[in-house]
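Here the structure comes first, spelled out in structure tokens, and everything after it is commentary.
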2 protein chains.
Amino acid sequence: MRTVSLLQMDPKVGDLGGNAARLEGLLQQAAEAGGAVAVSTELAVCGYPPRDLLLESDFVDRALAAALEVTASVPALIGTPLPSASVRQRPGNGVVRVGRSSGSLTGQAEGQVVARKQLLPTYDVFDEARYFEPAHRTGLARSCGSMTFGVTVCEDVWQSAGQTPSTYQQDPVEHIAEWCRQGVDIDATVNLSASPYHSQKFHTRLLVARHVAAVLQHPFLLANQVGGNDDLLFDGRSLAVWPSGHAIVAPAWQEGVLTVNLDEPEQSTWTASNAEDALVHGEPILRHLAPDDDGSSLDGSLDDLAHAVITGLSDYCRKSGIASMVLGMSGGIDSAVAACVAAAAVGPEHVTGLAMPSRFSSEHSLSDAEHTAKALGMRYVVHPIDAMHRAVEGELGAVLDEGHAVAGENVQARLRGLTVMAYANANGSMAVTTGNKSEIAQGYCTLYGDMAGGYAPLADVYKMEVYALAEWFNQRATAEGRTPPVSPSTLAKPPSAELAPDQQDDQTLPPYAVLDEVLRAHIEGGMSADEMVASGMDETVVLDVLQRLERNEHKRWQMPPGPRVSSRAFGQGWRRPLASHHLWRSSQRPR
Amino acid sequence: MRTVSLLQMDPKVGDLGGNAARLEGLLQQAAEAGGAVAVSTELAVCGYPPRDLLLESDFVDRALAAALEVTASVPALIGTPLPSASVRQRPGNGVVRVGRSSGSLTGQAEGQVVARKQLLPTYDVFDEARYFEPAHRTGLARSCGSMTFGVTVCEDVWQSAGQTPSTYQQDPVEHIAEWCRQGVDIDATVNLSASPYHSQKFHTRLLVARHVAAVLQHPFLLANQVGGNDDLLFDGRSLAVWPSGHAIVAPAWQEGVLTVNLDEPEQSTWTASNAEDALVHGEPILRHLAPDDDGSSLDGSLDDLAHAVITGLSDYCRKSGIASMVLGMSGGIDSAVAACVAAAAVGPEHVTGLAMPSRFSSEHSLSDAEHTAKALGMRYVVHPIDAMHRAVEGELGAVLDEGHAVAGENVQARLRGLTVMAYANANGSMAVTTGNKSEIAQGYCTLYGDMAGGYAPLADVYKMEVYALAEWFNQRATAEGRTPPVSPSTLAKPPSAELAPDQQDDQTLPPYAVLDEVLRAHIEGGMSADEMVASGMDETVVLDVLQRLERNEHKRWQMPPGPRVSSRAFGQGWRRPLASHHLWRSSQRPR
């Protein structure tokens with residue numbers, strides 16, 4: 001029977017032993033599910049992206065050794081870095097064949113290198129030309145178990161479909177097509193992937209897969225990494241596509257095995273990982289998509305956004321050995337939703353909320369924060385900052401009185417940051433940063449104050465999406481018979497930093513519905529000011545928003561990592577222009 | 001007369017108009033110095049490195065337009081990005097010819113593209129494969145004014161000398177050599193460079209230049225960028241080398257014009273930039289190096305280190321529009337030397353030192369800090385943190401008493417960070433971070449505390465080098481008849497963070513002389529623990545140091561930029577492995 005198990009794995013970057021053990025577990029499950037052959041994700045043995053670990057002496061050798069030593073219950077193709085051919089060459093991003101020879105194997109040595117990645121993406125979140133040597137015409141047709149595969153690695157198949165921002169000199173899909181035309185009988189082309197998530201990504205990935213299956217006229221199978229690695233998220237959704245356009249799609253945000261029956265697609269199965277610490281968010285649904293379904297319904301849902309941010313935080317904590325978290329709770333929407341995410345990620349019993357009222361806090365601040373904490377079942381502690389604030393004013397009063405007003409506002413945010421960090425340091429917890437993408441884009445946040453923390457789960461979520469997430473968490477609680485965690489008052493009150501009397505965000509910023517639209521058009525849509533105005537946006541608003549965006553870029557570089565859910569996130573995915581560039585273009589100093 | 005002026009320029013990244021005006025000024029000076037032709041540095045019109053500015057709509061078009069519009073008093077070759085050939089291609093890193101046609105010009109259109117960079121470094125601090133399309137066999141022999149040049153851009157000439165970490169498929173120097181063999185008469189090969197500084201770099205650059213001149217058997221001229229761009233420093237030291245090995249070297253850390261007389265090297269001249277805000281550190285000495293002088297005496301001097309860190313800070317401030325700075329002064333060596341650097345960079349009248357004693361501060365703390373501030377002529381203010389500290393303890397006493405002791409120590413550091421930032425915010429100044437490379441490597445510093453600030457001038461300077469810099473500043477002051485700014489007590493006292501009773505650094509860390517040796521062997525030398533122990537280092541010390549290095553990597557990513565002076569600095573020059581990777585490999589949480 002022609003069955004292929006795709007190992008949708010959630011590796012820990014650099015943990016060669018742990019990843020090998022994970023691979024062995026999934027291979028065992030593949031065998032039990034009837035997979036004749038298994039295929040891992042890209043660089044499964046070291047996790048993606050390994051970045052500068054590849055420069056460490058002997059890391060690549062150890063990774064390859066770990067891959068070759070995997071005990072494979074079925075013959076398998078495993079992604080691993082490959083040692084460079086000489087001192088002045090980079091390593092390869094490759095695939096090895098492991099596992100018991102079956103009777104039909106052609107007697108070739110086990111552990112053989114069967115392919116090397118040919119197209120190295122070097123844009124957006126990718127830096128592969130930095131680390132790898134590109135190969136030429138490899139992995140064209142390789143036997144594994146009783147079948148013959150075209151073997152490709154991630155980007156290798158994207159050029160053919162025209163879905164890369166820049167062109168390459170070669171096209172691996174065309175190479176495989178040539179072999180097919182020459183009469184080589186290929187059962188399927190497989191693709192070992194680590195294709196990062198964003199909320200509009202799936203339909204593009206499906207388009208690429210269908211293009212390849214149509215060009216090659218045999219099934220195309222894509223095994224995709226799942227889970228969060230700092231700011232990079234991988235949604236899984238491993239794929240099998242037939243030349244007819246019929247597709248099956250593995251669940252998102254779950255580790256497991258998709259066993260594809262090449263001849264009877266309906267017989268394909270999903271097996272959830274039985275690893276104790278396996279990632280499990282969302283529904284274990286194996287989807288079939290008809291040829292006329294472009295998959296866009298899988299993109300951009302609120303469900304998906306919620307699972308994405310929860311996965312980002314839960315995987316960061318699990319992979320870092322962080323067992324508990326602490327966050328400031330203001331009674332506002334951001335900290336309420338951040339608390340919901342934290343509770344969903346590691347369990348509410350491991351999350352502490354700190355209310356830190358000052359003389360500028362509204363009366364609802366405490367009751368709303370307490371409502372959320374109680375509804376979620378978190379620990380909740382009140383620590384007023386007023387005495388500390390007075391002591392600072394006693395020492396620095398003249399400085400604060402004579403200078404920019406923002407200095408005094410920042411002092412309050414920093415005393416809260418200091419308090420949250422004191423809790424985190426005292427207890428070995430991680431501080432969670434609660435800011436959203438809209439306010440970070442505008443610099444409406446304080447360095448070393450509310451920006452302090454180890455992870456920022458909402459840093460790539462626009463303010464209006466934060467409100468939507470609040471409704472999502474409330475609805476889920478209601479459906480499960482629990483108290484909705486985000487109070488009506490939190491949802492209804494005008495957003496405020498509460499750092500000055502009667503302060504409200506819209507005294508400084510446009511209404512968030514407007515702000516989000518401008519930011520999205522510019523950041524994700526790449527539109528210039530002229531283009532936005534021509535499309536009907538208010539010119540004054542557009543120019544103000546873009547000026548604040550530019551002026552505050554230096555702050556965004558100092559944000560902790562957070563899950564990337566949009567097509568353009570801040571942080572590591574953007575290569576920074578110089579800090580000084582942004583400062584001289586603006587009129588303000590670092591704050 | 002065959003004379004070529006190399007424009008050793010200090011561009012501001014992204015400031016197209018400002019850079020074009022700077023080029024025009026230097027071209028005017030070149031004409032006055034008798035240069036028949038002038039050659040700029042790499043990407044002179046936009047500054048190096050432009051990074052993601054290249055992705056902005058129309059930036060490349062505007063840069064090229066600015067380059068072509070330069071009013072050139074002599075015919076010149078100018079470095080500029082070039083528009084991509086198609087939507088799915090990257091821009092080029094190129095060279096255009098501008099300026100009045102002289103009688104001997106061959107009538108070709110002015111403003112013509114004469115070369116595109118062929119080798120794109122993508123390692124260490126370089127990311128060029130990300131931004132540029134590599135060219136093939138361009139710039140082989142081009143006329144400019146009355147001469148014919150081989151035209152290359154920076155990395156283009158490094159492959160030939162074997163001085164790149166990885167190999168390329170082509171060798172532009174060999175291409176030019178082929179043309180010479182075919183009888184083309186080339187006066188000189190020029191290289192438009194932005195070759196970053198580190199303390200051991202010059203002799204390698206000279207080796208490359210001599211190799212090229214020897215291979216091509218005509219003079220080789222390298223125009224190098226000068227100045228600081230955030231963490232990247234460029235030392236200038238533009239070069240002319242003859243096939244005999246004779247070399248002339250322009251001054252470091254100064255903007256100006258090196259006018260090379262190809263036929264009579266001794267007639268070559270250096271003209272300091274007459275721009276009002278031109279970079280001028282170090283001595284305006286034009287050096288001649290005999291063929292047997294390998295230039296290593298120009299590497300690694302204390303003079304050079306001092307000028308490098310001063311240049312980094314002064315250029316950061318000038319390019320960012322920062323007019324004044326504030327820093328915490330503990331009476332210790334780091335803050336004393338940081339104050340010396342700040343005073344040298346922007347003038348002591350623009351620097352404020354804050355002494356922030358606590359109950360754990362030694363009696364010398366205040367007197368030593370005051371000595372330094374007074375000797376330098378800075379503003380000096382005392383703000384005890386004790387009242388604030390007591391208020392925090394009143395609110396968080398139980399948290400601090402029951403948890404890790406470091407939580408309480410961090411509170412003090414963060415109150416100082418808050419105080420420094422309040423000064424900076426109130427006055428529109430920049431906070432200067434005073435930490436050195438040794439303590440940052442070991443995480444012996446506090447996030448949001450002493451790590452707070454906009455620039456970290458000593459972040460790539462080992463502790464023992466900080467002591468050496470202190471002596472350098474003292475000697476300079478003595479030579480100039482001023483009071484040595486670093487007091488004997490500051491130099492003599494055992495290093496201490498002064499966050500707990502009788503605390504000393506060597507209770508946690510090895511003696512700095514030992515620590516620096518281990519760190520240097522590992523970070524710059526790339527030695528593994530085994531190799532260091534085999535070389536005679538103490539195994540316990542080595543393992544402790546490496547464990548602290550790994551455990552605290554997440555802190556280093558949050559350091560502000562600081563000048564890169566060693567062959568391996570922290571920060572942007574290293575591509576981060578994932579934050580979570582470092583946390584799971586260590587036993588500690590973020591602090």
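Just remember, in the structure tokens the first chain shown is A, the second B, etc., residues are 1-based per chain, and ligands are 1-based in the order shown.
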
Could you produce a table of the residues of chain B lying within 7 Å of chain A, with the nearest pair of atoms per residue and their separation in Å rounded to one decimal, using only C-alpha atoms, ordered by chain and increasing residue number, as CSV?
residue,atom,partner,partner_atom,distance
B:Val13,CA,A:His581,CA,6.1
B:Gly14,CA,A:His581,CA,6.7
B:Pro50,CA,A:Pro577,CA,6.2
B:Arg51,CA,A:Pro577,CA,5.2
B:Asp52,CA,A:Pro577,CA,5.6
B:Leu53,CA,A:Pro577,CA,6.5
B:Arg88,CA,A:Ser166,CA,4.3
B:Gln89,CA,A:Ser166,CA,5.1
B:Arg90,CA,A:Ser166,CA,6.8
B:Thr122,CA,A:Arg130,CA,5.2
B:Tyr123,CA,A:Arg130,CA,5.8
B:Ala129,CA,A:Ala129,CA,6.8
B:Arg130,CA,A:Thr122,CA,5.2
B:Pro165,CA,A:Arg88,CA,5.5
B:Ser166,CA,A:Arg88,CA,4.3
B:Thr167,CA,A:Arg88,CA,5.8
B:Asn229,CA,A:Leu578,CA,7.0
B:Asp230,CA,A:Leu578,CA,6.2
B:Tyr316,CA,A:Ser580,CA,6.2
B:Lys319,CA,A:Ser580,CA,6.1
B:Ser320,CA,A:Trp584,CA,4.2
B:Gly321,CA,A:Trp584,CA,5.5
B:His383,CA,A:Glu395,CA,6.8
B:Ala387,CA,A:Ala391,CA,6.0
B:Met388,CA,A:Ala391,CA,5.0
B:Ala391,CA,A:Met388,CA,5.0
B:Val392,CA,A:Met388,CA,5.8
B:Glu395,CA,A:His383,CA,6.8
B:Val399,CA,A:Tyr423,CA,6.5
B:Leu400,CA,A:Ala426,CA,6.2
B:Gly403,CA,A:Ala426,CA,3.9
B:His404,CA,A:Ala426,CA,4.7
B:Ala407,CA,A:Asn425,CA,5.0
B:Val411,CA,A:Leu418,CA,6.7
B:Arg414,CA,A:Leu418,CA,6.7
B:Leu418,CA,A:Arg414,CA,6.7
B:Ala422,CA,A:Ala407,CA,5.4
B:Tyr423,CA,A:Val399,CA,6.6
B:Asn425,CA,A:Ala407,CA,5.0
B:Ala426,CA,A:Gly403,CA,3.9
B:Asn427,CA,A:Gly403,CA,5.6
B:Gly428,CA,A:Arg589,CA,5.8
B:Ser429,CA,A:Arg589,CA,6.9
B:Met430,CA,A:Pro590,CA,6.7
B:Tyr448,CA,A:Tyr448,CA,5.2
B:Gly454,CA,A:Pro590,CA,6.8
B:Gln558,CA,A:Gln558,CA,6.3
B:Arg575,CA,A:Asp52,CA,5.9
B:Arg576,CA,A:Asp52,CA,6.5
B:Pro577,CA,A:Arg51,CA,5.2
B:Leu578,CA,A:Asp230,CA,6.2
B:Ala579,CA,A:Asp230,CA,6.6
B:Ser580,CA,A:Ser320,CA,4.8
B:His581,CA,A:Val13,CA,6.1
B:Leu583,CA,A:Ser320,CA,4.9
B:Trp584,CA,A:Ser320,CA,4.2
B:Arg589,CA,A:Gly428,CA,5.8
B:Pro590,CA,A:Met430,CA,6.7
B:Arg591,CA,A:Asn425,CA,6.0

**Message:** So that I can see what lies close to Thr80 in chain A, please list as number ranges by chain the residues with an atom at most 7 Å from it, counting only C-alpha atoms and leaving out residues fewer than 5 positions away in the same chain.
**Reply:** A: 43-46, 63-64, 67, 93-95

Go ahead and save the picked residues with N, CA and C atoms, as a tab-separated table (two decimals), in the first residue's frame.
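Writing done, so here's selection-v1.tsv:
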chain	number	residue	atom	x	y	z
A	43	LEU	N	15.03	20.33	8.75
A	43	LEU	CA	15.99	20.43	9.87
A	43	LEU	C	15.36	19.93	11.17
A	44	ALA	N	14.56	18.86	11.06
A	44	ALA	CA	13.81	18.39	12.24
A	44	ALA	C	14.73	18.08	13.42
A	45	VAL	N	15.91	17.57	13.14
A	45	VAL	CA	16.76	17.11	14.23
A	45	VAL	C	17.32	18.27	15.06
A	46	CYS	N	17.45	19.45	14.46
A	46	CYS	CA	17.96	20.59	15.24
A	46	CYS	C	16.91	21.66	15.44
A	63	ALA	N	24.56	17.15	14.93
A	63	ALA	CA	23.18	17.08	14.43
A	63	ALA	C	23.04	15.92	13.44
A	64	LEU	N	23.97	15.83	12.50
A	64	LEU	CA	23.89	14.75	11.51
A	64	LEU	C	23.99	13.40	12.20
A	67	ALA	N	20.74	12.57	13.72
A	67	ALA	CA	19.74	12.19	12.71
A	67	ALA	C	19.97	10.75	12.25
A	93	ASN	N	21.72	22.25	3.93
A	93	ASN	CA	20.43	22.04	4.59
A	93	ASN	C	19.83	20.82	3.90
A	94	GLY	N	19.96	19.65	4.55
A	94	GLY	CA	19.74	18.42	3.79
A	94	GLY	C	18.73	17.44	4.36
A	95	VAL	N	18.72	16.30	3.71
A	95	VAL	CA	17.79	15.22	4.03
A	95	VAL	C	18.57	13.91	4.00

**Message:** Using only C-alpha atoms for the distances, tell me which of A:Val70, A:Leu354, A:Ala240, A:Ala177 is nearest to Gly18 in chain A.
**Reply:**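 Checking each of A:Val70, A:Leu354, A:Ala240, A:Ala177 against Gly18 in chain A, counting only C-alpha atoms, the winner is A:Val70.
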
**Prompt:** In Å to one decimal, how far is CA of Ile440 in chain A from CA of Ala336 in chain A?
**Reply:** 17.3 Å

**Request:** Show which residues sit within 12 Å of His307 in chain B, as a PyMOL selection string. Count only C-alpha atoms, and ignore same-chain residues fewer than 3 positions away.
**Result:** chain B and resi 197+199+227-228+233-235+251-254+279-283+300-304+310-315+340-342+344-345+457+469+472-473+563+565

**Request:** Determine the nearest neighbour of Asp538 in chain A from the options A:Val518, A:Val461, A:Ala272, A:Val241, counting only C-alpha atoms.
**Result:**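 Selected residue with least distance to Asp538 in chain A: A:Val518.
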
**Asked** Which residues, written as a PyMOL selection string, have at least one atom at most 10 Å from Ser335 in chain A, with only C-alpha atoms counted and residues fewer than 6 positions away on the same chain left out?
**Response** chain A and resi 327-329+341+353+369+372+432-436+458+466+486

Could you give me, as JSON lines, every range 149-206 of chain B residue with an atom at most 7 Å from range 135-144 of chain B, plus its closest atom pair and distance in Å to one decimal, counting only C-alpha atoms, rows ordered by chain then number?
{"residue": "B:Phe149", "atom": "CA", "partner": "B:Arg142", "partner_atom": "CA", "distance": 5.2}
{"residue": "B:Gly150", "atom": "CA", "partner": "B:Ala141", "partner_atom": "CA", "distance": 4.6}
{"residue": "B:Val151", "atom": "CA", "partner": "B:Gly139", "partner_atom": "CA", "distance": 4.8}
{"residue": "B:Thr152", "atom": "CA", "partner": "B:Gly139", "partner_atom": "CA", "distance": 6.5}
{"residue": "B:Pro172", "atom": "CA", "partner": "B:Arg137", "partner_atom": "CA", "distance": 6.6}
{"residue": "B:His175", "atom": "CA", "partner": "B:Arg137", "partner_atom": "CA", "distance": 6.7}
{"residue": "B:Ile176", "atom": "CA", "partner": "B:Leu140", "partner_atom": "CA", "distance": 5.4}
{"residue": "B:Ile186", "atom": "CA", "partner": "B:Ala141", "partner_atom": "CA", "distance": 6.9}

**Item:** Residues near Val37 in chain B, cut-off 9 Å, only C-alpha atoms, skip fewer than 3 positions along chain, as a list in words
**Value:**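 So, after excluding close chain neighbours, the residues are Arg2, Thr3, Val4, Ser5, Leu6, Ala30, Ala31, Gly34, Val74, Pro75, Ala76, Leu77, Cys144, Gly145, Ser146 and Met147 of chain B.
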
Print the selection's residues with N, CA and C atoms to a file, as an mmCIF file, in the first residue's frame.
data_model
loop_
_atom_site.group_PDB
_atom_site.id
_atom_site.type_symbol
_atom_site.label_atom_id
_atom_site.label_comp_id
_atom_site.auth_asym_id
_atom_site.auth_seq_id
_atom_site.Cartn_x
_atom_site.Cartn_y
_atom_site.Cartn_z
ATOM 1 N N ARG B 2 48.714 61.892 -13.320
ATOM 2 C CA ARG B 2 47.795 60.825 -12.912
ATOM 3 C C ARG B 2 47.575 60.897 -11.391
ATOM 4 N N THR B 3 46.552 61.673 -11.026
ATOM 5 C CA THR B 3 46.239 61.814 -9.603
ATOM 6 C C THR B 3 44.790 61.386 -9.351
ATOM 7 N N VAL B 4 44.574 60.678 -8.267
ATOM 8 C CA VAL B 4 43.233 60.185 -7.925
ATOM 9 C C VAL B 4 42.935 60.556 -6.477
ATOM 10 N N SER B 5 41.814 61.228 -6.266
ATOM 11 C CA SER B 5 41.431 61.603 -4.897
ATOM 12 C C SER B 5 40.443 60.582 -4.329
ATOM 13 N N LEU B 6 40.792 60.009 -3.197
ATOM 14 C CA LEU B 6 39.894 59.066 -2.521
ATOM 15 C C LEU B 6 39.120 59.834 -1.454
ATOM 16 N N ALA B 30 38.864 67.945 -3.391
ATOM 17 C CA ALA B 30 39.695 67.103 -4.255
ATOM 18 C C ALA B 30 40.237 67.923 -5.420
ATOM 19 N N ALA B 31 39.350 68.736 -5.991
ATOM 20 C CA ALA B 31 39.791 69.571 -7.115
ATOM 21 C C ALA B 31 40.900 70.517 -6.676
ATOM 22 N N GLY B 34 44.240 69.030 -6.424
ATOM 23 C CA GLY B 34 44.866 68.597 -7.666
ATOM 24 C C GLY B 34 44.467 67.210 -8.132
ATOM 25 N N VAL B 74 35.393 67.526 -10.064
ATOM 26 C CA VAL B 74 36.245 66.681 -10.905
ATOM 27 C C VAL B 74 35.428 65.452 -11.285
ATOM 28 N N PRO B 75 35.730 64.796 -12.393
ATOM 29 C CA PRO B 75 35.031 63.556 -12.734
ATOM 30 C C PRO B 75 35.185 62.561 -11.579
ATOM 31 N N ALA B 76 34.094 61.871 -11.260
ATOM 32 C CA ALA B 76 34.141 61.037 -10.059
ATOM 33 C C ALA B 76 33.345 59.756 -10.244
ATOM 34 N N LEU B 77 33.746 58.746 -9.493
ATOM 35 C CA LEU B 77 33.011 57.491 -9.388
ATOM 36 C C LEU B 77 32.325 57.480 -8.028
ATOM 37 N N CYS B 144 37.430 57.286 -16.761
ATOM 38 C CA CYS B 144 36.891 58.372 -15.939
ATOM 39 C C CYS B 144 37.922 59.483 -16.005
ATOM 40 N N GLY B 145 37.491 60.663 -16.437
ATOM 41 C CA GLY B 145 38.467 61.709 -16.677
ATOM 42 C C GLY B 145 39.419 61.194 -17.746
ATOM 43 N N SER B 146 40.708 61.352 -17.470
ATOM 44 C CA SER B 146 41.699 60.977 -18.481
ATOM 45 C C SER B 146 42.276 59.584 -18.230
ATOM 46 N N MET B 147 41.692 58.868 -17.294
ATOM 47 C CA MET B 147 42.292 57.583 -16.926
ATOM 48 C C MET B 147 41.316 56.421 -17.123
#

**Request:** Quote the spacing between CA of Phe132 in chain A and CA of Asp156 in chain A in Å to one decimal place.
**Result:**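 Value for the CA of Phe132 in chain A-CA of Asp156 in chain A distance: 13.7 Å.
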
**Request:** Could you give me the residues within range 209-442 of chain B that DSSP places in strand (DSSP E), as a ChimeraX atom specification?
**Result:** /B:220-224,226-229,232-235,239-241,247-249,256-261,269-272,287-289,325-328,351-355,379-382,430-431

**Message:** Using only C-alpha atoms, which protein or nucleic acid residues come within 12 Å of range 480-485 of chain A? Drop anything in the same chain fewer than 4 positions from it, and give the result as number ranges by chain.
**Reply:** A: 331, 333, 335-341, 343-344, 348, 368-378, 469-476, 489-491
